[in-house]
$ cat entry.txt   # compact mmCIF, C-alpha atoms
# COMPACT_ATOMS: atom_id res chain seq x y z
CA MET E 1 22.33 -158.11 -34.04
CA THR E 2 23.91 -161.11 -35.77
CA SER E 3 27.50 -161.07 -36.96
CA GLU E 4 26.19 -161.64 -40.50
CA HIS E 5 23.99 -158.52 -40.23
CA GLN E 6 26.86 -156.54 -38.75
CA SER E 7 29.15 -157.40 -41.63
CA ARG E 8 26.43 -156.54 -44.12
CA SER E 9 25.33 -153.22 -42.57
CA ARG E 10 28.66 -151.83 -41.39
CA ARG E 11 32.10 -151.53 -42.87
CA ARG E 12 35.14 -151.58 -40.63
CA LEU E 13 37.13 -148.38 -40.95
CA THR E 14 40.87 -148.18 -40.56
CA ALA E 15 42.58 -145.10 -39.17
CA THR E 16 46.24 -144.53 -38.46
CA VAL E 17 47.13 -143.06 -35.09
CA THR E 18 50.41 -141.26 -35.58
CA ASP E 19 51.16 -140.58 -31.92
CA LEU E 20 50.38 -143.38 -29.55
CA ASP E 21 51.14 -141.17 -26.55
CA VAL E 22 48.12 -139.00 -27.30
CA ALA E 23 44.72 -140.27 -26.22
CA VAL E 24 42.54 -140.24 -29.32
CA GLN E 25 38.76 -140.43 -29.16
CA LYS E 26 37.25 -143.56 -30.66
CA ALA E 27 34.35 -142.53 -32.87
CA PHE E 28 31.33 -144.43 -34.18
CA LEU E 29 29.63 -142.95 -37.25
CA VAL E 30 25.90 -143.08 -37.96
CA GLY E 31 24.30 -142.24 -41.30
CA VAL E 32 20.58 -142.18 -41.98
CA GLN E 33 19.09 -143.03 -45.36
CA LEU E 34 15.67 -141.46 -45.85
CA PRO E 35 13.29 -141.83 -48.83
CA GLY E 36 14.73 -140.19 -51.94
CA MET E 37 18.31 -140.88 -50.86
CA THR E 38 20.35 -143.60 -52.55
CA THR E 39 22.53 -146.04 -50.66
CA VAL E 40 25.57 -145.06 -52.74
CA GLU E 41 25.11 -141.35 -51.94
CA GLU E 42 24.77 -141.99 -48.22
CA GLU E 43 27.73 -144.37 -48.13
CA ASN E 44 29.86 -141.77 -49.92
CA SER E 45 28.70 -139.18 -47.40
CA LEU E 46 29.62 -141.50 -44.53
CA ASP E 47 33.06 -142.08 -46.05
CA GLU E 48 33.51 -138.32 -46.18
CA LEU E 49 32.36 -138.06 -42.56
CA ALA E 50 35.09 -140.54 -41.66
CA LEU E 51 37.68 -138.26 -43.29
CA LEU E 52 36.21 -135.25 -41.48
CA THR E 53 36.34 -137.12 -38.17
CA GLU E 54 39.97 -138.08 -38.73
CA THR E 55 40.81 -134.50 -39.66
CA ALA E 56 39.17 -133.35 -36.41
CA GLY E 57 41.54 -135.68 -34.53
CA SER E 58 39.37 -138.69 -33.68
CA ASP E 59 39.57 -142.30 -34.79
CA PRO E 60 36.46 -143.52 -36.70
CA ILE E 61 36.60 -147.22 -35.95
CA ASP E 62 33.14 -148.28 -37.16
CA GLN E 63 29.98 -147.01 -38.81
CA GLU E 64 26.39 -147.93 -39.61
CA LEU E 65 23.90 -146.72 -42.18
CA VAL E 66 20.36 -146.72 -40.76
CA LYS E 67 17.39 -146.78 -43.15
CA ARG E 68 14.23 -144.98 -42.03
CA ASN E 69 11.04 -143.77 -43.63
CA VAL E 70 10.76 -140.72 -41.35
CA VAL E 71 12.96 -138.89 -38.87
CA ASP E 72 12.16 -139.66 -35.24
CA PRO E 73 11.71 -136.27 -33.51
CA ALA E 74 13.14 -137.56 -30.23
CA THR E 75 16.18 -139.59 -31.34
CA PHE E 76 16.34 -139.20 -35.14
CA ILE E 77 16.82 -142.98 -35.62
CA GLY E 78 14.14 -144.27 -33.25
CA SER E 79 14.59 -145.33 -29.63
CA GLY E 80 14.88 -149.04 -30.45
CA LYS E 81 17.68 -148.52 -32.95
CA ALA E 82 19.37 -146.06 -30.62
CA GLU E 83 19.32 -148.62 -27.78
CA GLU E 84 20.72 -151.27 -30.14
CA LEU E 85 23.59 -149.05 -31.27
CA GLY E 86 24.10 -147.92 -27.67
CA SER E 87 24.85 -151.50 -26.64
CA LEU E 88 27.25 -151.87 -29.57
CA THR E 89 29.13 -148.63 -28.90
CA LYS E 90 29.44 -149.52 -25.22
CA ALA E 91 31.00 -152.87 -26.17
CA LEU E 92 33.41 -151.06 -28.50
CA ASP E 93 34.28 -148.53 -25.77
CA ILE E 94 33.29 -145.64 -28.03
CA ASP E 95 34.03 -142.09 -26.85
CA VAL E 96 31.91 -140.15 -29.33
CA VAL E 97 29.05 -140.99 -31.69
CA VAL E 98 28.96 -138.83 -34.82
CA PHE E 99 25.76 -138.44 -36.85
CA ASP E 100 26.02 -137.52 -40.52
CA GLN E 101 22.85 -135.43 -40.36
CA ALA E 102 22.12 -132.34 -38.27
CA LEU E 103 20.68 -133.12 -34.84
CA SER E 104 18.37 -130.85 -32.89
CA PRO E 105 19.44 -129.95 -29.35
CA ALA E 106 16.72 -132.22 -27.95
CA GLN E 107 17.77 -135.15 -30.13
CA GLN E 108 21.37 -134.63 -29.09
CA ARG E 109 20.46 -134.68 -25.40
CA ASN E 110 18.26 -137.78 -25.74
CA LEU E 111 20.91 -139.68 -27.68
CA HIS E 112 23.56 -138.69 -25.15
CA ALA E 113 21.42 -140.24 -22.42
CA ILE E 114 21.14 -143.47 -24.41
CA PHE E 115 24.72 -143.77 -25.64
CA LYS E 116 26.28 -142.63 -22.35
CA CYS E 117 28.98 -140.79 -24.31
CA ASP E 118 29.37 -137.63 -26.38
CA VAL E 119 27.01 -137.34 -29.35
CA VAL E 120 27.72 -134.78 -32.06
CA ASP E 121 26.60 -134.16 -35.62
CA ARG E 122 28.33 -133.40 -38.90
CA GLU E 123 28.11 -129.65 -38.28
CA ALA E 124 29.97 -129.96 -34.96
CA VAL E 125 32.78 -131.90 -36.67
CA ILE E 126 33.18 -129.30 -39.40
CA LEU E 127 33.12 -126.46 -36.87
CA ASP E 128 35.77 -128.30 -34.85
CA ILE E 129 38.04 -128.54 -37.90
CA PHE E 130 37.52 -124.87 -38.69
CA ALA E 131 38.37 -123.98 -35.08
CA GLN E 132 41.68 -125.81 -35.46
CA HIS E 133 42.58 -124.28 -38.82
CA ALA E 134 41.56 -120.63 -38.46
CA THR E 135 44.70 -118.50 -38.43
CA SER E 136 43.83 -115.00 -39.66
CA LYS E 137 41.89 -112.50 -37.60
CA VAL E 138 38.90 -112.60 -39.94
CA GLY E 139 38.96 -116.39 -40.13
CA SER E 140 39.04 -116.67 -36.35
CA ILE E 141 36.10 -114.26 -36.01
CA GLN E 142 34.09 -116.22 -38.57
CA VAL E 143 34.75 -119.52 -36.80
CA GLU E 144 33.96 -118.14 -33.35
CA LEU E 145 30.70 -116.66 -34.63
CA ALA E 146 29.67 -119.98 -36.19
CA LEU E 147 30.53 -121.83 -32.98
CA LEU E 148 28.52 -119.46 -30.82
CA ARG E 149 25.51 -119.68 -33.12
CA TYR E 150 25.72 -123.48 -33.03
CA HIS E 151 26.11 -123.81 -29.26
CA LEU E 152 23.65 -121.12 -28.16
CA PRO E 153 20.49 -123.26 -28.53
CA ARG E 154 22.32 -126.17 -26.90
CA LEU E 155 23.08 -124.42 -23.61
CA ARG E 156 21.60 -125.99 -20.49
CA GLY E 157 22.17 -124.75 -16.97
CA LYS E 158 24.87 -122.43 -15.74
CA GLY E 159 28.52 -122.80 -15.06
CA THR E 160 29.30 -124.90 -18.15
CA ALA E 161 32.05 -123.48 -20.29
CA LEU E 162 31.01 -123.01 -23.89
CA SER E 163 34.55 -122.73 -25.14
CA GLN E 164 37.15 -125.07 -23.74
CA GLN E 165 40.45 -126.54 -24.77
CA GLY E 166 39.35 -130.16 -24.73
CA GLY E 167 40.69 -132.96 -26.81
CA GLY E 168 37.56 -134.19 -28.52
CA ILE E 169 35.12 -133.25 -31.23
CA GLY E 170 32.87 -130.38 -30.25
CA THR E 171 35.04 -129.28 -27.34
CA ARG E 172 37.38 -126.96 -29.21
CA GLY E 173 36.55 -123.30 -29.09
CA PRO E 174 37.83 -120.18 -30.78
CA GLY E 175 40.55 -119.42 -28.24
CA GLU E 176 41.95 -120.08 -24.81
CA THR E 177 39.51 -117.81 -22.98
CA LYS E 178 36.46 -119.65 -21.63
CA LEU E 179 33.13 -118.03 -22.39
CA GLU E 180 30.36 -118.08 -19.80
CA THR E 181 27.13 -119.63 -20.94
CA ASP E 182 25.03 -116.71 -19.90
CA ARG E 183 22.88 -116.08 -22.94
CA ARG E 184 23.00 -112.33 -22.63
CA ARG E 185 26.81 -112.36 -22.68
CA ILE E 186 26.88 -114.72 -25.64
CA LEU E 187 24.35 -112.69 -27.61
CA ALA E 188 26.40 -109.57 -26.91
CA ARG E 189 29.51 -111.40 -28.14
CA ILE E 190 27.70 -112.52 -31.29
CA SER E 191 26.61 -108.93 -31.94
CA LYS E 192 30.19 -107.71 -31.53
CA LEU E 193 31.58 -110.38 -33.86
CA GLU E 194 28.93 -109.60 -36.48
CA LYS E 195 29.96 -105.94 -36.39
CA GLN E 196 33.63 -106.88 -36.79
CA LEU E 197 32.75 -109.05 -39.79
CA LYS E 198 30.75 -106.22 -41.35
CA ASP E 199 33.77 -103.92 -40.95
CA ALA E 200 36.00 -106.55 -42.56
CA ALA E 201 33.47 -107.00 -45.36
CA ARG E 202 33.47 -103.26 -46.04
CA HIS E 203 37.26 -103.31 -46.27
CA ARG E 204 37.15 -106.21 -48.73
CA GLU E 205 34.46 -104.42 -50.74
CA THR E 206 36.62 -101.28 -50.91
CA GLN E 207 39.47 -103.38 -52.29
CA ARG E 208 37.17 -105.02 -54.86
CA LYS E 209 35.79 -101.62 -55.96
CA ARG E 210 39.33 -100.33 -56.39
CA ARG E 211 40.14 -103.29 -58.61
CA ARG E 212 36.83 -102.81 -60.45
CA ARG E 213 37.61 -99.15 -61.15
CA ALA E 214 40.94 -100.24 -62.59
CA GLU E 215 38.96 -102.70 -64.75
CA VAL E 216 41.04 -105.65 -63.63
CA PRO E 217 39.06 -108.87 -64.22
CA GLN E 218 38.31 -110.74 -61.00
CA ILE E 219 38.50 -114.53 -60.90
CA ALA E 220 37.65 -116.80 -57.97
CA ILE E 221 38.71 -120.41 -57.56
CA VAL E 222 35.88 -122.44 -56.06
CA GLY E 223 35.48 -126.13 -55.48
CA TYR E 224 35.23 -129.00 -53.08
CA THR E 225 37.63 -129.14 -50.16
CA ASN E 226 40.92 -130.82 -51.11
CA ALA E 227 40.19 -130.50 -54.84
CA GLY E 228 43.55 -128.75 -55.35
CA LYS E 229 42.49 -125.10 -55.39
CA SER E 230 45.50 -123.81 -53.46
CA THR E 231 47.85 -125.95 -55.57
CA LEU E 232 46.33 -124.41 -58.70
CA LEU E 233 46.69 -120.89 -57.31
CA ASN E 234 50.36 -121.58 -56.58
CA ALA E 235 50.91 -123.06 -60.03
CA LEU E 236 49.33 -120.06 -61.77
CA THR E 237 50.80 -117.27 -59.67
CA ASP E 238 53.70 -118.61 -57.53
CA ALA E 239 51.61 -117.56 -54.53
CA GLU E 240 53.28 -120.00 -52.09
CA VAL E 241 49.96 -120.64 -50.34
CA LEU E 242 50.00 -123.46 -47.78
CA VAL E 243 49.10 -126.75 -49.45
CA GLN E 244 48.18 -129.79 -47.37
CA ASP E 245 46.54 -133.08 -48.28
CA GLN E 246 43.88 -132.34 -45.70
CA LEU E 247 40.27 -131.18 -45.62
CA PHE E 248 39.82 -127.43 -45.09
CA ALA E 249 43.54 -126.59 -45.17
CA THR E 250 42.51 -123.18 -46.56
CA LEU E 251 39.96 -121.06 -44.68
CA ASP E 252 41.00 -117.54 -45.68
CA SER E 253 40.78 -116.25 -49.23
CA THR E 254 44.12 -115.36 -50.83
CA VAL E 255 44.17 -112.80 -53.66
CA ARG E 256 47.02 -112.71 -56.18
CA LYS E 257 47.75 -111.14 -59.57
CA LEU E 258 47.42 -113.48 -62.55
CA ASP E 259 49.37 -112.78 -65.74
CA LEU E 260 47.11 -113.62 -68.69
CA GLY E 261 49.67 -112.73 -71.33
CA GLU E 262 49.73 -109.95 -73.97
CA GLY E 263 49.95 -107.37 -71.20
CA ARG E 264 46.67 -108.43 -69.58
CA ASP E 265 46.35 -109.10 -65.87
CA ALA E 266 43.59 -110.35 -63.61
CA VAL E 267 43.25 -110.89 -59.89
CA ILE E 268 42.53 -114.41 -58.75
CA ALA E 269 41.28 -115.47 -55.31
CA ASP E 270 41.45 -118.85 -53.61
CA THR E 271 38.42 -119.56 -51.40
CA VAL E 272 37.38 -121.91 -48.62
CA GLY E 273 36.46 -125.38 -49.84
CA PHE E 274 32.96 -126.82 -49.69
CA VAL E 275 31.63 -130.20 -48.62
CA ARG E 276 28.32 -132.01 -48.76
CA ARG E 277 25.83 -130.59 -46.28
CA LEU E 278 28.01 -127.59 -45.47
CA PRO E 279 26.24 -126.04 -42.45
CA HIS E 280 24.11 -123.02 -43.30
CA GLY E 281 25.43 -121.20 -40.24
CA LEU E 282 28.97 -121.66 -41.48
CA VAL E 283 28.06 -120.27 -44.90
CA GLU E 284 26.52 -117.26 -43.16
CA SER E 285 29.61 -116.71 -41.00
CA PHE E 286 31.95 -117.00 -43.99
CA ARG E 287 29.79 -114.88 -46.28
CA SER E 288 32.33 -112.03 -46.36
CA THR E 289 35.05 -114.46 -47.47
CA LEU E 290 32.76 -116.13 -49.98
CA ALA E 291 31.91 -112.71 -51.39
CA GLU E 292 35.11 -113.05 -53.44
CA SER E 293 33.13 -115.65 -55.40
CA ALA E 294 29.88 -113.67 -55.56
CA GLU E 295 31.65 -110.58 -56.97
CA ALA E 296 33.88 -112.38 -59.49
CA ASP E 297 33.73 -112.03 -63.27
CA LEU E 298 34.59 -115.70 -63.69
CA LEU E 299 34.61 -118.74 -61.42
CA LEU E 300 37.14 -121.52 -61.87
CA HIS E 301 35.21 -124.51 -60.56
CA VAL E 302 37.91 -127.02 -59.64
CA VAL E 303 36.90 -130.68 -59.42
CA ASP E 304 39.04 -133.57 -58.22
CA GLY E 305 38.83 -135.91 -61.21
CA SER E 306 40.27 -138.78 -59.15
CA ASP E 307 37.47 -138.69 -56.57
CA VAL E 308 35.00 -141.58 -56.49
CA ASP E 309 32.08 -139.15 -56.91
CA PRO E 310 33.18 -135.98 -58.72
CA LYS E 311 29.59 -135.24 -59.79
CA GLY E 312 28.48 -135.28 -56.14
CA GLN E 313 31.27 -132.82 -55.31
CA MET E 314 30.15 -130.54 -58.13
CA ASP E 315 26.55 -130.56 -56.93
CA ALA E 316 27.59 -129.68 -53.37
CA VAL E 317 29.59 -126.70 -54.65
CA LEU E 318 26.73 -125.52 -56.87
CA ASP E 319 24.36 -125.65 -53.88
CA VAL E 320 26.61 -123.31 -51.87
CA LEU E 321 27.13 -120.98 -54.84
CA ALA E 322 23.36 -120.69 -55.17
CA GLU E 323 23.08 -119.93 -51.45
CA ILE E 324 25.50 -117.00 -51.69
CA GLY E 325 24.03 -115.70 -54.96
CA ALA E 326 26.99 -116.65 -57.16
CA ASN E 327 25.26 -119.28 -59.29
CA GLU E 328 24.69 -116.87 -62.21
CA ILE E 329 28.37 -115.97 -62.57
CA PRO E 330 30.09 -117.59 -65.59
CA GLN E 331 31.93 -120.77 -64.61
CA LEU E 332 34.84 -122.60 -66.18
CA LEU E 333 34.99 -126.25 -65.13
CA VAL E 334 38.56 -127.31 -64.32
CA VAL E 335 39.11 -131.03 -63.75
CA ASN E 336 42.24 -131.43 -61.63
CA LYS E 337 44.51 -134.33 -60.62
CA THR E 338 44.59 -135.92 -64.06
CA ASP E 339 47.97 -137.38 -63.09
CA LEU E 340 46.04 -139.78 -60.83
CA LEU E 341 43.68 -140.94 -63.61
CA SER E 342 44.01 -143.91 -65.90
CA ASP E 343 43.67 -143.25 -69.63
CA ALA E 344 40.22 -144.87 -69.58
CA ASP E 345 38.99 -142.73 -66.66
CA LEU E 346 40.37 -139.57 -68.26
CA GLU E 347 38.59 -140.35 -71.53
CA ARG E 348 35.35 -141.06 -69.66
CA LEU E 349 35.45 -137.68 -67.88
CA GLN E 350 36.39 -135.87 -71.09
CA ASN E 351 33.33 -137.37 -72.76
CA LEU E 352 31.20 -136.45 -69.73
CA TRP E 353 32.44 -132.83 -69.56
CA PRO E 354 33.71 -131.88 -73.03
CA GLU E 355 33.63 -128.17 -72.12
CA ALA E 356 36.04 -128.63 -69.19
CA VAL E 357 39.77 -127.96 -69.04
CA PHE E 358 41.73 -130.96 -67.76
CA ILE E 359 44.86 -130.23 -65.74
CA SER E 360 47.27 -131.49 -63.14
CA ALA E 361 48.09 -128.51 -60.94
CA GLN E 362 50.59 -130.64 -59.02
CA GLU E 363 52.57 -131.36 -62.18
CA SER E 364 51.74 -128.03 -63.92
CA LYS E 365 50.13 -129.82 -66.86
CA GLY E 366 47.43 -128.15 -68.92
CA LEU E 367 48.04 -124.69 -67.44
CA SER E 368 48.75 -122.98 -70.78
CA THR E 369 45.44 -124.30 -72.11
CA LEU E 370 43.76 -123.08 -68.93
CA ARG E 371 45.17 -119.56 -69.36
CA GLU E 372 43.99 -119.46 -72.99
CA THR E 373 40.52 -120.62 -71.98
CA ILE E 374 40.36 -118.04 -69.17
CA ASN E 375 41.14 -115.33 -71.72
CA GLU E 376 38.43 -116.65 -74.04
CA GLU E 377 35.87 -116.74 -71.22
CA LEU E 378 36.69 -113.20 -70.07
CA ALA E 379 36.49 -111.98 -73.67
CA LYS E 380 32.86 -113.13 -73.82
CA ASP E 381 32.06 -110.30 -71.41
CA LEU E 382 33.54 -107.69 -73.82
CA VAL E 383 31.87 -105.73 -76.62
CA THR E 384 33.74 -103.91 -79.41
CA MET E 385 32.25 -100.51 -80.29
CA THR E 386 33.14 -97.59 -82.54
CA LEU E 387 32.58 -94.29 -80.77
CA ALA E 388 32.45 -90.74 -82.12
CA ILE E 389 33.16 -88.49 -79.14
CA PRO E 390 33.05 -84.65 -79.51
CA TYR E 391 36.14 -82.79 -78.41
CA GLU E 392 34.17 -81.04 -75.65
CA ARG E 393 33.55 -84.47 -74.09
CA GLY E 394 37.22 -85.30 -73.73
CA GLU E 395 36.55 -86.87 -70.33
CA LEU E 396 34.78 -89.73 -72.13
CA VAL E 397 37.89 -90.49 -74.16
CA ALA E 398 39.83 -90.74 -70.92
CA ALA E 399 37.08 -92.94 -69.46
CA ALA E 400 37.22 -95.26 -72.49
CA HIS E 401 40.97 -95.71 -71.95
CA ARG E 402 40.38 -96.29 -68.25
CA VAL E 403 37.55 -98.83 -68.34
CA GLY E 404 38.18 -100.49 -71.69
CA GLU E 405 40.83 -101.32 -74.26
CA VAL E 406 41.18 -98.71 -77.02
CA LEU E 407 42.09 -100.63 -80.19
CA GLU E 408 42.35 -97.61 -82.48
CA GLU E 409 42.08 -93.85 -82.00
CA LYS E 410 41.68 -91.25 -84.78
CA HIS E 411 40.66 -87.61 -84.85
CA ASP E 412 38.65 -85.51 -87.30
CA GLU E 413 37.21 -81.99 -87.31
CA GLU E 414 34.42 -82.85 -84.86
CA GLY E 415 36.12 -85.09 -82.34
CA SER E 416 37.78 -88.42 -81.59
CA ILE E 417 36.91 -91.71 -83.31
CA LEU E 418 37.62 -94.68 -81.06
CA GLU E 419 37.39 -98.38 -81.66
CA VAL E 420 37.21 -99.69 -78.14
CA ARG E 421 36.59 -103.01 -76.41
CA LEU E 422 34.36 -102.48 -73.36
CA PRO E 423 32.93 -104.68 -70.60
CA LEU E 424 29.20 -105.24 -71.03
CA ARG E 425 28.44 -103.31 -67.85
CA GLU E 426 30.08 -100.16 -69.33
CA VAL E 427 28.29 -100.18 -72.69
CA ASP E 428 25.34 -98.02 -71.59
CA SER E 429 27.71 -95.23 -70.51
CA PHE E 430 28.95 -94.83 -74.09
CA SER E 431 25.98 -96.03 -76.17
CA GLN E 432 24.82 -92.52 -77.21
CA PHE E 433 28.17 -91.98 -78.99
CA SER E 434 28.15 -95.32 -80.82
CA THR E 435 28.30 -95.07 -84.62
CA GLY E 436 26.78 -98.44 -85.34
$ encode --input "entry.txt" --output "structure tokens"
Amino acid sequence: MTSEHQSRSRRRLTATVTDLDVAVQKAFLVGVQLPGMTTVEEENSLDELALLTETAGSDPIDQELVKRNVVDPATFIGSGKAEELGSLTKALDIDVVVFDQALSPAQQRNLHAIFKCDVVDREAVILDIFAQHATSKVGSIQVELALLRYHLPRLRGKGTALSQQGGGIGTRGPGETKLETDRRRILARISKLEKQLKDAARHRETQRKRRRRAEVPQIAIVGYTNAGKSTLLNALTDAEVLVQDQLFATLDSTVRKLDLGEGRDAVIADTVGFVRRLPHGLVESFRSTLAESAEADLLLHVVDGSDVDPKGQMDAVLDVLAEIGANEIPQLLVVNKTDLLSDADLERLQNLWPEAVFISAQESKGLSTLRETINEELAKDLVTMTLAIPYERGELVAAAHRVGEVLEEKHDEEGSILEVRLPLREVDSFSQFSTG
């Protein structure tokens, strides 16, 4: 490969090593552009992979975008290209090669033989980050389950530890205990973890039903990782949730009370962030956490307005919402980090998304407008009815107070006359007593 071609096809990446005493893996990133994919999209994805690799603790020193018409079943990029990159990575003394697309176990083994170093894919990097950041019991279970599901088809031979406390991508496991690679043991462990997650999901569902019975609106903050969801939750509720300028700083949903004014409250949940090509197995493992989104009355879709590709971030989030069945829930688009935008960029995004609310959660700007808009969006789910309820059905009067907002209550010879604002889902329960 000529130096001219190298400069044209690869871009040198810079990464800061904060502790020179710690041996940091040198990583080489490989993206593959297939028909239907644009160069800009794949370059943006590679840039994100570089951030993911840094977050996982490795140093992405170089990258290449490979263009192919079809995926090679043996090596993904073709044996000739693999040999070419193998010579390059050897010269650069690379420790790990990271592919932006998912690799099959066979492709991973074949590429390892060619590169003579560790070869992992985007899913392994994301799992590695999650393994580092999981802190709660449920989060740790979800990460361990995703790791086991990922590694199970990649097991070869006996005596290799599936979970180890290594220092490189793909070597971190859910805890200090090493797990034997015996498939029966691993399948039994997966079964146990799945049961624990189901128990946790039932507990979360009980909490949601309790809030539903109290007719407290439920809001979920969703968005791309590092879009500022936790910062927004803190700004709205003084939740004091950990905020870091880092991918996947939040893995566990945090639920807080949100004061909407005029005596109205809601509960609002922060959720795990999404990225492009979020592994399906990870979505499955985190389904109980993501259920906060699927069961919400309103989604606050937070977008980092300062990102180079906010539309790409939005699309990635919408893909995951569709996967968990939350794509039909009303969404309010919230464009964050306006403090980082020029006036021209802000105006461009406002013209692009006129229905959005533009805020800076970091500087608490635009939050009053956001609260007002949240109230307006929640009100769209309410219907005002006039009910004539006979005195012998007094339990329905109590139910109207419990599940709705009674605006006016009068009494005549036959019963109670209520003007009540009800959620759409409760209308059928009272429709036979409606006067109009």
$ atom_distance --input "entry.txt" --atom1 "atom CA of Gly273 of chain E" --atom2 "atom CA of Leu233 of chain E"
13.4 Å
$ residues_near_point --input "entry.txt" --point "(18.6, -130.2, -31.6)" --cutoff "10 Å" --atoms "all atoms listed in the file" --output "PyMOL selection string"
chain E and resi 73-76+102-110+121+150+153-154
$ atom_distance --input "entry.txt" --atom1 "atom CA of Val70 of chain E" --atom2 "atom CA of Phe99 of chain E"
15.8 Å
$ residues_around --input "entry.txt" --residues "Thr237 of chain E" --least-positions-apart "6" --cutoff "12 Å" --atoms "only C-alpha atoms" --output "MDAnalysis selection string"
chainID E and resid 230:231 254:260 265:270 361 364 367 371
$ write_last_selection --input "entry.txt" --atoms "C-alpha atoms" --output "PDB file, in the coordinates of the input"
ATOM      1  CA  SER E 230      45.500-123.810 -53.460  1.00  0.00           C
ATOM      2  CA  THR E 231      47.850-125.950 -55.570  1.00  0.00           C
ATOM      3  CA  THR E 254      44.120-115.360 -50.830  1.00  0.00           C
ATOM      4  CA  VAL E 255      44.170-112.800 -53.660  1.00  0.00           C
ATOM      5  CA  ARG E 256      47.020-112.710 -56.180  1.00  0.00           C
ATOM      6  CA  LYS E 257      47.750-111.140 -59.570  1.00  0.00           C
ATOM      7  CA  LEU E 258      47.420-113.480 -62.550  1.00  0.00           C
ATOM      8  CA  ASP E 259      49.370-112.780 -65.740  1.00  0.00           C
ATOM      9  CA  LEU E 260      47.110-113.620 -68.690  1.00  0.00           C
ATOM     10  CA  ASP E 265      46.350-109.100 -65.870  1.00  0.00           C
ATOM     11  CA  ALA E 266      43.590-110.350 -63.610  1.00  0.00           C
ATOM     12  CA  VAL E 267      43.250-110.890 -59.890  1.00  0.00           C
ATOM     13  CA  ILE E 268      42.530-114.410 -58.750  1.00  0.00           C
ATOM     14  CA  ALA E 269      41.280-115.470 -55.310  1.00  0.00           C
ATOM     15  CA  ASP E 270      41.450-118.850 -53.610  1.00  0.00           C
ATOM     16  CA  ALA E 361      48.090-128.510 -60.940  1.00  0.00           C
ATOM     17  CA  SER E 364      51.740-128.030 -63.920  1.00  0.00           C
ATOM     18  CA  LEU E 367      48.040-124.690 -67.440  1.00  0.00           C
ATOM     19  CA  ARG E 371      45.170-119.560 -69.360  1.00  0.00           C
TER      20      ARG E 371
END
$ residues_around --input "entry.txt" --residues "Ile190 of chain E" --least-positions-apart "6" --cutoff "9 Å" --atoms "all atoms listed in the file" --output "list in words"
Glu144, Leu145, Leu148 and Arg149 of chain E
$ closest_residue --input "entry.txt" --among "E:Lys337, E:Lys81, E:Lys90, E:Lys380" --to "Ser360 of chain E" --atoms "all atoms listed in the file"
E:Lys337
$ closest_residue --input "entry.txt" --among "E:Ala294, E:Leu300, E:Leu152, E:Leu422" --to "Ile221 of chain E" --atoms "all atoms listed in the file"
E:Leu300
$ residues_near_point --input "entry.txt" --point "(29.5, -134.9, -40.4)" --cutoff "8 Å" --atoms "all atoms listed in the file" --output "PyMOL selection string"
chain E and resi 46+48-49+52-53+98-101+121-126
$ closest_residue --input "entry.txt" --among "E:Ser293, E:Gly404, E:Leu370, E:Lys137" --to "Arg264 of chain E" --atoms "only C-alpha atoms"
E:Gly404
$ residues_around --input "entry.txt" --residues "Ala91 of chain E" --least-positions-apart "6" --cutoff "12 Å" --atoms "all atoms listed in the file" --output "NGL selection string"
:E and (28 or 84-85 or 115-116)
$ write_last_selection --input "entry.txt" --atoms "C-alpha atoms" --output "compact mmCIF listing (two decimals), in the coordinates of the input"
# COMPACT_ATOMS: atom_id res chain seq x y z
CA PHE E 28 31.33 -144.43 -34.18
CA GLU E 84 20.72 -151.27 -30.14
CA LEU E 85 23.59 -149.05 -31.27
CA PHE E 115 24.72 -143.77 -25.64
CA LYS E 116 26.28 -142.63 -22.35
$ closest_residue --input "entry.txt" --among "E:Trp353, E:Phe433, E:Tyr391, E:Phe358" --to "Ser416 of chain E" --atoms "only C-alpha atoms"
E:Tyr391
